[in-house]
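All remarks here apply to the structure that follows.
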Protein chains: 2
Amino acid sequence: MADDQVISSVWARPEKARNARPTLSREQIVAEAIRLLDAEGVDALSMRKLGQALNAGATSLYRHVANKDQLLELVVDEIYGELRVPVLDDPAEWRPAVRALAHEMREMILRHPWVAPILGLVGSSYLGPNVSRLTDEMLGLLEDAGFALEEGNGAVKALFAYVIGWTTSEAAWLLALARSGQTEEQWLEQMRPAMEHAMESHPRLARLYKAQREARPNLNIPQDEFDYGLDRFLDGMHPTRP
Amino acid sequence: MADDQVISSVWARPEKARNARPTLSREQIVAEAIRLLDAEGVDALSMRKLGQALNAGATSLYRHVANKDQLLELVVDEIYGELRVPVLDDPAEWRPAVRALAHEMREMILRHPWVAPILGLVGSSYLGPNVSRLTDEMLGLLEDAGFALEEGNGAVKALFAYVIGWTTSEAAWLLALARSGQTEEQWLEQMRPAMEHAMESHPRLARLYKAQREARPNLNIPQDEFDYGLDRFLDGMHPTRP
DNA sequence: CTCCCGGTGCGTACAGTGTTCGCGTCATTG
DNA sequence: CAATGACGCGAACACTGTACGCACCGGGAG
């Protein structure tokens with residue numbers, strides 16, 4: 001609980017100039033944290049384990065990172081760095097570009113499922129370099145397509161909210177499934193009694209699950225459902241100056 | 001880590017019939033947990049504190065609740081119980097009804113800001129009674145309006161994803177602000193150097209923040225931005241059989 | 001009635017967690 | 001060469017979730 005005067009974000013000031021031998025650096029710590037998170041999940045990331053993985057004492061990390069929270073902020077920005085906003089030859093092609101970025105973002109999150117819940121916590125007041133670059137480039141893309149600046153901002157925020165909200169659930173499901181060590185079929189079988197019970201008084205849910213069970217083998221339901229919402233959103237967007 | 005055979009959700013089986021004196025009950029525990037969470041936030045909820053608030057030992061709770069995770073699942077479903085899906089006289093009026101529910105959901109989350117991150121984690125496989133009722137009623141509303149069942153499902157999931165993703169950021173901002181004990185103006189002033197730095201190489205962000213700073217006193221920006229994305233999404237939705 | 005037995009409360013204990021403090025050490029600068 | 005700061009880190013603190021085992025008590029069986 002850093003209730004000092006210094007509550008400003010990580011990005012307020014650059015890292016202290018490090019002149020001594022850099023056996024341990026902020027970048028190194030962030031990189032190793034991501035490796036650990038990818039390998040063992042968010043519950044497995046403790047400062048002690050991270051220190052051990054870096055051949056360092058646990059408390060040494062605090063020379064380079066104020067907090068575990070701050071470390072996670074740095075990690076999030078690093079992950080955002082995996083995304084690239086395309087540069088368009090024809091500004092009118094904004095729609096497939098936005099759609100592609102949403103897909104890229106979903107895939108990025110599914111590559112690092114632990115990141116989804118953290119992403120939601122960093123809000124609009126987040127000023128990491130990669131997040132700033134990303135939103136600025138998105139604003140540019142939309143502005144070139146004829147969207148007013150405030151409107152583009154609304155669109156970017158809405159897009160991020162949708163992708164994050166959606167993938168948070170999806171990632172949580174995938175993580176739970178992985179932890180259980182079961183296949184999807186086994187898991188669903190185990191949920192069966194709870195489902196049947198829920199169906200009894202909810203006829204539409206019952207019909208829905210029945211329909212999905214029959215259709216399942218043939219298609220990628222999560223991807224399709226993600227695209228459905230995404231496309232409805234894109235359908236609703238129109239540049240003010242076309 | 002309940003890696004037993006019994007990984008099925010809380011709702012698989014009803015609570016064990018309790019015949020002895022019910023000095024402690026599941027409902028009581030859930031209710032008190034919500035009181036504590038509303039009062040002191042999610043970090044303050046520990047099993048020991050919760051037990052103390054109930055004049056009980058910490059470990060007594062485990063007779064009624066398997067896990068802290070399960071407790072949070074129960075809490076989430078209880079909170080969902082605050083939402084009501086309107087019954088429409090005219091099925092064609094689906095749009096304002098969906099819009100109103102999104103607003104209601106946002107307000108519910110802002111009433112319990114700690115719930116936002118947890119909401120994201122409970123995915124589509126969540127079968128609490130209130131969640132089941134809510135989605136079933138939403139499906140009914142949309143089906144009456146002419147949406148096919150699978151399409152209604154996509155719409156409901158997309159709507160929830162958007163609202164949750166959006167409000168998670170908003171709630172995190174409000175919580176951080178509250179913890180800091182500062183006013184919004186003070187906070188923004190403190191962020192100033194970080195912002196200025198981010199602006200230097202990001203001209204569109206700079207213009208955006210300048211415009212927002214000038215407009216701010218007059219309007220409720222979060223509400224408006226929330227509505228912007230919501231309306232774009234609703235604009236994109238059309239019943240298959242009108 | 002007695003017996004007993006399952007559900008309940010809870011004290012203790014364990015293996016962790018994030019983080020503070022103060023000490024020793026080392027490289028670089030004056 | 002001396003000193004000044006940054007750095008690494010061992011120990012300690014105040015917590016956390018939860019497993020275990022014991023005590024108790026109410027109600028049904030014999």
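The way I read the labels, and the way they are meant: chains A, B, ... in the order of the structure tokens, residue 1 as the first residue of every chain, and ligand 1 as the first ligand shown, with later ones counted on from there.
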Which residues of chain D have any atom within 9 Å of an atom in chain A when counting only C-alpha atoms (C1' of nucleotides), and what is the closest pair of atoms for each, with the distance in Å to one decimal? Order the rows by chain and rising number and write it as JSON lines.
```
{"residue": "D:DA6", "atom": "C1'", "partner": "A:Ala20", "partner_atom": "CA", "distance": 6.9}
{"residue": "D:DC7", "atom": "C1'", "partner": "A:Arg63", "partner_atom": "CA", "distance": 7.4}
{"residue": "D:DG8", "atom": "C1'", "partner": "A:Ser60", "partner_atom": "CA", "distance": 5.7}
{"residue": "D:DC9", "atom": "C1'", "partner": "A:Gly57", "partner_atom": "CA", "distance": 5.8}
{"residue": "D:DG10", "atom": "C1'", "partner": "A:Gly57", "partner_atom": "CA", "distance": 8.9}
```
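Excluding DA13 of chain C itself and same-chain residues fewer than 3 positions from it, the residues having an atom within 12 Å of it are D:DT18, D:DA19, D:DC20, D:DG21, counting only C-alpha atoms (C1' of nucleotides).
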- request: Pick out the closest residue to chain B from this set: A:Trp114, A:Tyr62, A:Tyr209, A:Tyr228. Count only C-alpha atoms.
  value: A:Tyr228
Using only C-alpha atoms, find the residues of chain A whose closest atom to chain B is at most 7 Å away, then write them as an mmCIF file with C-alpha atoms, in the first residue's frame.
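Writing the result to iface_2.cif gives the following:
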```cif
data_model
loop_
_atom_site.group_PDB
_atom_site.id
_atom_site.type_symbol
_atom_site.label_atom_id
_atom_site.label_comp_id
_atom_site.auth_asym_id
_atom_site.auth_seq_id
_atom_site.Cartn_x
_atom_site.Cartn_y
_atom_site.Cartn_z
ATOM 1 C CA ASP A 3 0.163 5.703 0.380
ATOM 2 C CA SER A 8 2.064 8.599 -9.695
ATOM 3 C CA TRP A 11 6.043 6.040 -16.210
ATOM 4 C CA ALA A 12 6.303 9.384 -14.501
ATOM 5 C CA ARG A 13 10.078 9.213 -14.429
ATOM 6 C CA PRO A 117 -7.385 -10.247 -15.723
ATOM 7 C CA GLY A 120 -8.643 -5.058 -17.298
ATOM 8 C CA LEU A 121 -7.165 -3.348 -14.280
ATOM 9 C CA VAL A 122 -4.983 -0.984 -16.240
ATOM 10 C CA GLY A 123 -7.386 1.609 -17.388
ATOM 11 C CA LEU A 127 0.702 5.526 -19.946
ATOM 12 C CA SER A 132 0.544 4.922 -25.648
ATOM 13 C CA ARG A 133 1.996 4.070 -29.036
ATOM 14 C CA ASP A 136 -2.012 6.801 -30.731
ATOM 15 C CA LEU A 139 -6.374 7.056 -33.308
ATOM 16 C CA GLY A 140 -4.366 7.960 -36.384
ATOM 17 C CA LEU A 149 -10.753 12.390 -32.606
ATOM 18 C CA GLU A 150 -13.163 11.971 -29.684
ATOM 19 C CA GLY A 154 -14.563 6.103 -27.971
ATOM 20 C CA ALA A 155 -14.136 3.441 -30.605
ATOM 21 C CA ALA A 158 -14.887 0.229 -26.738
ATOM 22 C CA ALA A 161 -13.129 -3.218 -23.538
ATOM 23 C CA TYR A 162 -14.840 -5.797 -25.705
ATOM 24 C CA ILE A 164 -10.507 -7.718 -22.883
ATOM 25 C CA GLY A 165 -13.901 -8.601 -21.446
ATOM 26 C CA TRP A 166 -14.355 -11.409 -23.882
ATOM 27 C CA THR A 168 -10.840 -12.715 -19.876
ATOM 28 C CA SER A 169 -13.637 -15.238 -19.739
ATOM 29 C CA GLU A 170 -12.121 -17.311 -22.489
ATOM 30 C CA ALA A 172 -10.162 -18.237 -17.477
ATOM 31 C CA TRP A 173 -11.954 -21.185 -19.029
ATOM 32 C CA SER A 180 -7.852 -29.836 -14.306
ATOM 33 C CA GLN A 190 -18.504 -33.591 -15.284
ATOM 34 C CA MET A 191 -20.536 -30.396 -15.497
ATOM 35 C CA PRO A 193 -25.506 -32.648 -13.658
ATOM 36 C CA ALA A 194 -25.116 -28.952 -12.879
ATOM 37 C CA ALA A 198 -29.870 -25.328 -14.609
ATOM 38 C CA HIS A 202 -34.547 -22.351 -18.166
ATOM 39 C CA ARG A 204 -33.956 -21.366 -23.739
ATOM 40 C CA LEU A 205 -30.636 -22.299 -22.172
ATOM 41 C CA LEU A 208 -29.185 -23.435 -26.828
ATOM 42 C CA GLU A 225 -18.823 -15.953 -31.170
ATOM 43 C CA TYR A 228 -20.078 -12.092 -34.010
ATOM 44 C CA GLY A 229 -19.836 -9.385 -31.357
ATOM 45 C CA ARG A 232 -21.842 -6.138 -34.777
ATOM 46 C CA PHE A 233 -19.680 -3.448 -33.265
ATOM 47 C CA ASP A 235 -21.277 -2.605 -38.332
ATOM 48 C CA GLY A 236 -22.315 0.168 -35.989
ATOM 49 C CA MET A 237 -19.284 2.308 -36.701
#
```
- prompt: Do you have the atom CA of Leu45 of chain B-atom CA of Pro113 of chain B distance handy?
  reply: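 Interatomic distance here is 13.9 Å.
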task: Can you check which residues of segment 91-149 of chain A DSSP gives as helix (DSSP H, G or I) on the backbone and send them as a ChimeraX atom specification?
output: /A:91-111,115-121,129-144,149
Could those selected residues go to a file with N, CA and C atoms, as a compact mmCIF listing (two decimals), in the first residue's frame?
```
# COMPACT_ATOMS: atom_id res chain seq x y z
N PRO A 91 -6.88 4.60 -46.67
CA PRO A 91 -7.51 4.84 -45.36
C PRO A 91 -8.92 4.27 -45.26
N ALA A 92 -9.57 4.07 -46.38
CA ALA A 92 -10.93 3.54 -46.35
C ALA A 92 -10.95 2.08 -45.89
N GLU A 93 -9.78 1.47 -45.90
CA GLU A 93 -9.69 0.06 -45.49
C GLU A 93 -9.59 -0.09 -43.97
N TRP A 94 -10.14 0.87 -43.23
CA TRP A 94 -9.98 0.84 -41.77
C TRP A 94 -10.64 -0.37 -41.14
N ARG A 95 -11.73 -0.82 -41.75
CA ARG A 95 -12.49 -1.87 -41.08
C ARG A 95 -11.72 -3.18 -40.95
N PRO A 96 -11.18 -3.73 -42.04
CA PRO A 96 -10.40 -4.96 -41.86
C PRO A 96 -9.18 -4.75 -40.97
N ALA A 97 -8.63 -3.54 -40.97
CA ALA A 97 -7.46 -3.30 -40.12
C ALA A 97 -7.84 -3.39 -38.64
N VAL A 98 -8.94 -2.75 -38.27
CA VAL A 98 -9.39 -2.80 -36.89
C VAL A 98 -9.75 -4.23 -36.51
N ARG A 99 -10.41 -4.91 -37.44
CA ARG A 99 -10.79 -6.29 -37.19
C ARG A 99 -9.55 -7.15 -36.95
N ALA A 100 -8.53 -6.93 -37.78
CA ALA A 100 -7.32 -7.73 -37.63
C ALA A 100 -6.63 -7.45 -36.31
N LEU A 101 -6.64 -6.19 -35.90
CA LEU A 101 -5.99 -5.88 -34.63
C LEU A 101 -6.71 -6.54 -33.47
N ALA A 102 -8.04 -6.57 -33.54
CA ALA A 102 -8.79 -7.25 -32.49
C ALA A 102 -8.43 -8.73 -32.44
N HIS A 103 -8.29 -9.33 -33.60
CA HIS A 103 -7.89 -10.74 -33.63
C HIS A 103 -6.49 -10.93 -33.07
N GLU A 104 -5.61 -10.02 -33.46
CA GLU A 104 -4.24 -10.11 -32.96
C GLU A 104 -4.22 -10.01 -31.44
N MET A 105 -5.04 -9.11 -30.94
CA MET A 105 -5.07 -8.90 -29.50
C MET A 105 -5.62 -10.14 -28.79
N ARG A 106 -6.65 -10.72 -29.36
CA ARG A 106 -7.20 -11.92 -28.74
C ARG A 106 -6.14 -13.02 -28.73
N GLU A 107 -5.43 -13.17 -29.85
CA GLU A 107 -4.42 -14.22 -29.89
C GLU A 107 -3.28 -13.95 -28.92
N MET A 108 -2.92 -12.68 -28.80
CA MET A 108 -1.89 -12.32 -27.83
C MET A 108 -2.31 -12.73 -26.43
N ILE A 109 -3.55 -12.46 -26.09
CA ILE A 109 -4.02 -12.79 -24.75
C ILE A 109 -4.09 -14.30 -24.56
N LEU A 110 -4.50 -15.02 -25.59
CA LEU A 110 -4.57 -16.48 -25.43
C LEU A 110 -3.17 -17.09 -25.38
N ARG A 111 -2.19 -16.38 -25.94
CA ARG A 111 -0.80 -16.83 -25.78
C ARG A 111 -0.35 -16.66 -24.33
N VAL A 115 -2.58 -12.90 -18.52
CA VAL A 115 -2.55 -11.44 -18.64
C VAL A 115 -3.94 -10.84 -18.68
N ALA A 116 -4.93 -11.64 -19.05
CA ALA A 116 -6.27 -11.09 -19.26
C ALA A 116 -6.80 -10.34 -18.03
N PRO A 117 -6.84 -10.98 -16.86
CA PRO A 117 -7.39 -10.25 -15.72
C PRO A 117 -6.59 -8.99 -15.38
N ILE A 118 -5.29 -9.02 -15.64
CA ILE A 118 -4.48 -7.85 -15.32
C ILE A 118 -4.76 -6.72 -16.29
N LEU A 119 -4.98 -7.06 -17.54
CA LEU A 119 -5.25 -6.06 -18.56
C LEU A 119 -6.43 -5.18 -18.18
N GLY A 120 -7.46 -5.82 -17.64
CA GLY A 120 -8.64 -5.06 -17.30
C GLY A 120 -8.36 -3.99 -16.26
N LEU A 121 -7.42 -4.27 -15.38
CA LEU A 121 -7.16 -3.35 -14.28
C LEU A 121 -6.46 -2.08 -14.71
N PRO A 129 4.76 3.04 -22.52
CA PRO A 129 5.13 3.44 -23.88
C PRO A 129 4.42 2.64 -24.96
N ASN A 130 4.30 1.35 -24.76
CA ASN A 130 3.68 0.54 -25.80
C ASN A 130 2.18 0.80 -25.90
N VAL A 131 1.53 0.96 -24.74
CA VAL A 131 0.10 1.26 -24.77
C VAL A 131 -0.13 2.62 -25.41
N SER A 132 0.69 3.59 -25.06
CA SER A 132 0.54 4.92 -25.65
C SER A 132 0.71 4.86 -27.16
N ARG A 133 1.76 4.18 -27.59
CA ARG A 133 2.00 4.07 -29.04
C ARG A 133 0.81 3.41 -29.72
N LEU A 134 0.35 2.32 -29.12
CA LEU A 134 -0.75 1.57 -29.74
C LEU A 134 -1.99 2.43 -29.90
N THR A 135 -2.42 3.09 -28.83
CA THR A 135 -3.64 3.89 -28.94
C THR A 135 -3.44 5.07 -29.87
N ASP A 136 -2.25 5.66 -29.83
CA ASP A 136 -2.01 6.80 -30.73
C ASP A 136 -2.10 6.36 -32.19
N GLU A 137 -1.52 5.22 -32.48
CA GLU A 137 -1.57 4.74 -33.87
C GLU A 137 -2.99 4.38 -34.27
N MET A 138 -3.74 3.80 -33.34
CA MET A 138 -5.13 3.49 -33.65
C MET A 138 -5.92 4.77 -33.91
N LEU A 139 -5.69 5.78 -33.10
CA LEU A 139 -6.37 7.06 -33.31
C LEU A 139 -6.04 7.61 -34.69
N GLY A 140 -4.76 7.48 -35.07
CA GLY A 140 -4.37 7.96 -36.38
C GLY A 140 -5.08 7.23 -37.50
N LEU A 141 -5.12 5.91 -37.36
CA LEU A 141 -5.78 5.11 -38.38
C LEU A 141 -7.24 5.52 -38.55
N LEU A 142 -7.92 5.70 -37.41
CA LEU A 142 -9.34 6.05 -37.47
C LEU A 142 -9.53 7.48 -37.95
N GLU A 143 -8.62 8.36 -37.56
CA GLU A 143 -8.76 9.75 -37.99
C GLU A 143 -8.59 9.85 -39.51
N ASP A 144 -7.62 9.12 -40.03
CA ASP A 144 -7.44 9.11 -41.48
C ASP A 144 -8.68 8.58 -42.19
N LEU A 149 -11.69 12.90 -33.61
CA LEU A 149 -10.75 12.39 -32.61
C LEU A 149 -11.47 11.78 -31.40
```
message: Using only C-alpha atoms (C1' of nucleotides) and a distance of at most 9 Å, pull out the residues of chain C that contact chain B, as number ranges by chain.
response: C: 7-11
Pick from A:Met47, A:Ile221, A:Val30, A:Leu71 nearest to DT19 of chain C, counting only C-alpha atoms (C1' of nucleotides):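 Among the listed residues, A:Met47 lies closest to DT19 of chain C.
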- prompt: Using only C-alpha atoms, which of B:His112, B:Ala66, B:Ile29, B:Leu72 sits nearest Leu175 of chain B?
  reply: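 When distances to Leu175 of chain B are compared using only C-alpha atoms, the smallest one comes from B:His112.
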query: So how many Å separate atom CA of Pro86 of chain B and atom CA of Pro239 of chain B, to one decimal?
result: 18.6 Å
- prompt: So how far away is atom CA of Glu200 of chain B from atom CA of Gln223 of chain B, in Å?
  reply: 28.6 Å
task: Could you give me, as a list in words, the residues within 12 Å of DC13 of chain D, counting only C-alpha atoms (C1' of nucleotides) and dropping anything in the same chain fewer than 4 positions from it?
output: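 These residues fall inside the cut-off: DT17, DG18, DT19, DT20 and DC21 of chain C.
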Next, the residues of the selection above should be written as a CSV table (one decimal), in the first residue's frame with C-alpha atoms (C1' of nucleotides).
```csv
chain,number,residue,atom,x,y,z
C,17,DT,C1',3.2,-14.4,0.7
C,18,DG,C1',4.9,-9.1,-0.1
C,19,DT,C1',7.7,-6.0,1.8
C,20,DT,C1',11.0,-3.3,5.3
C,21,DC,C1',15.3,-2.8,7.4
```
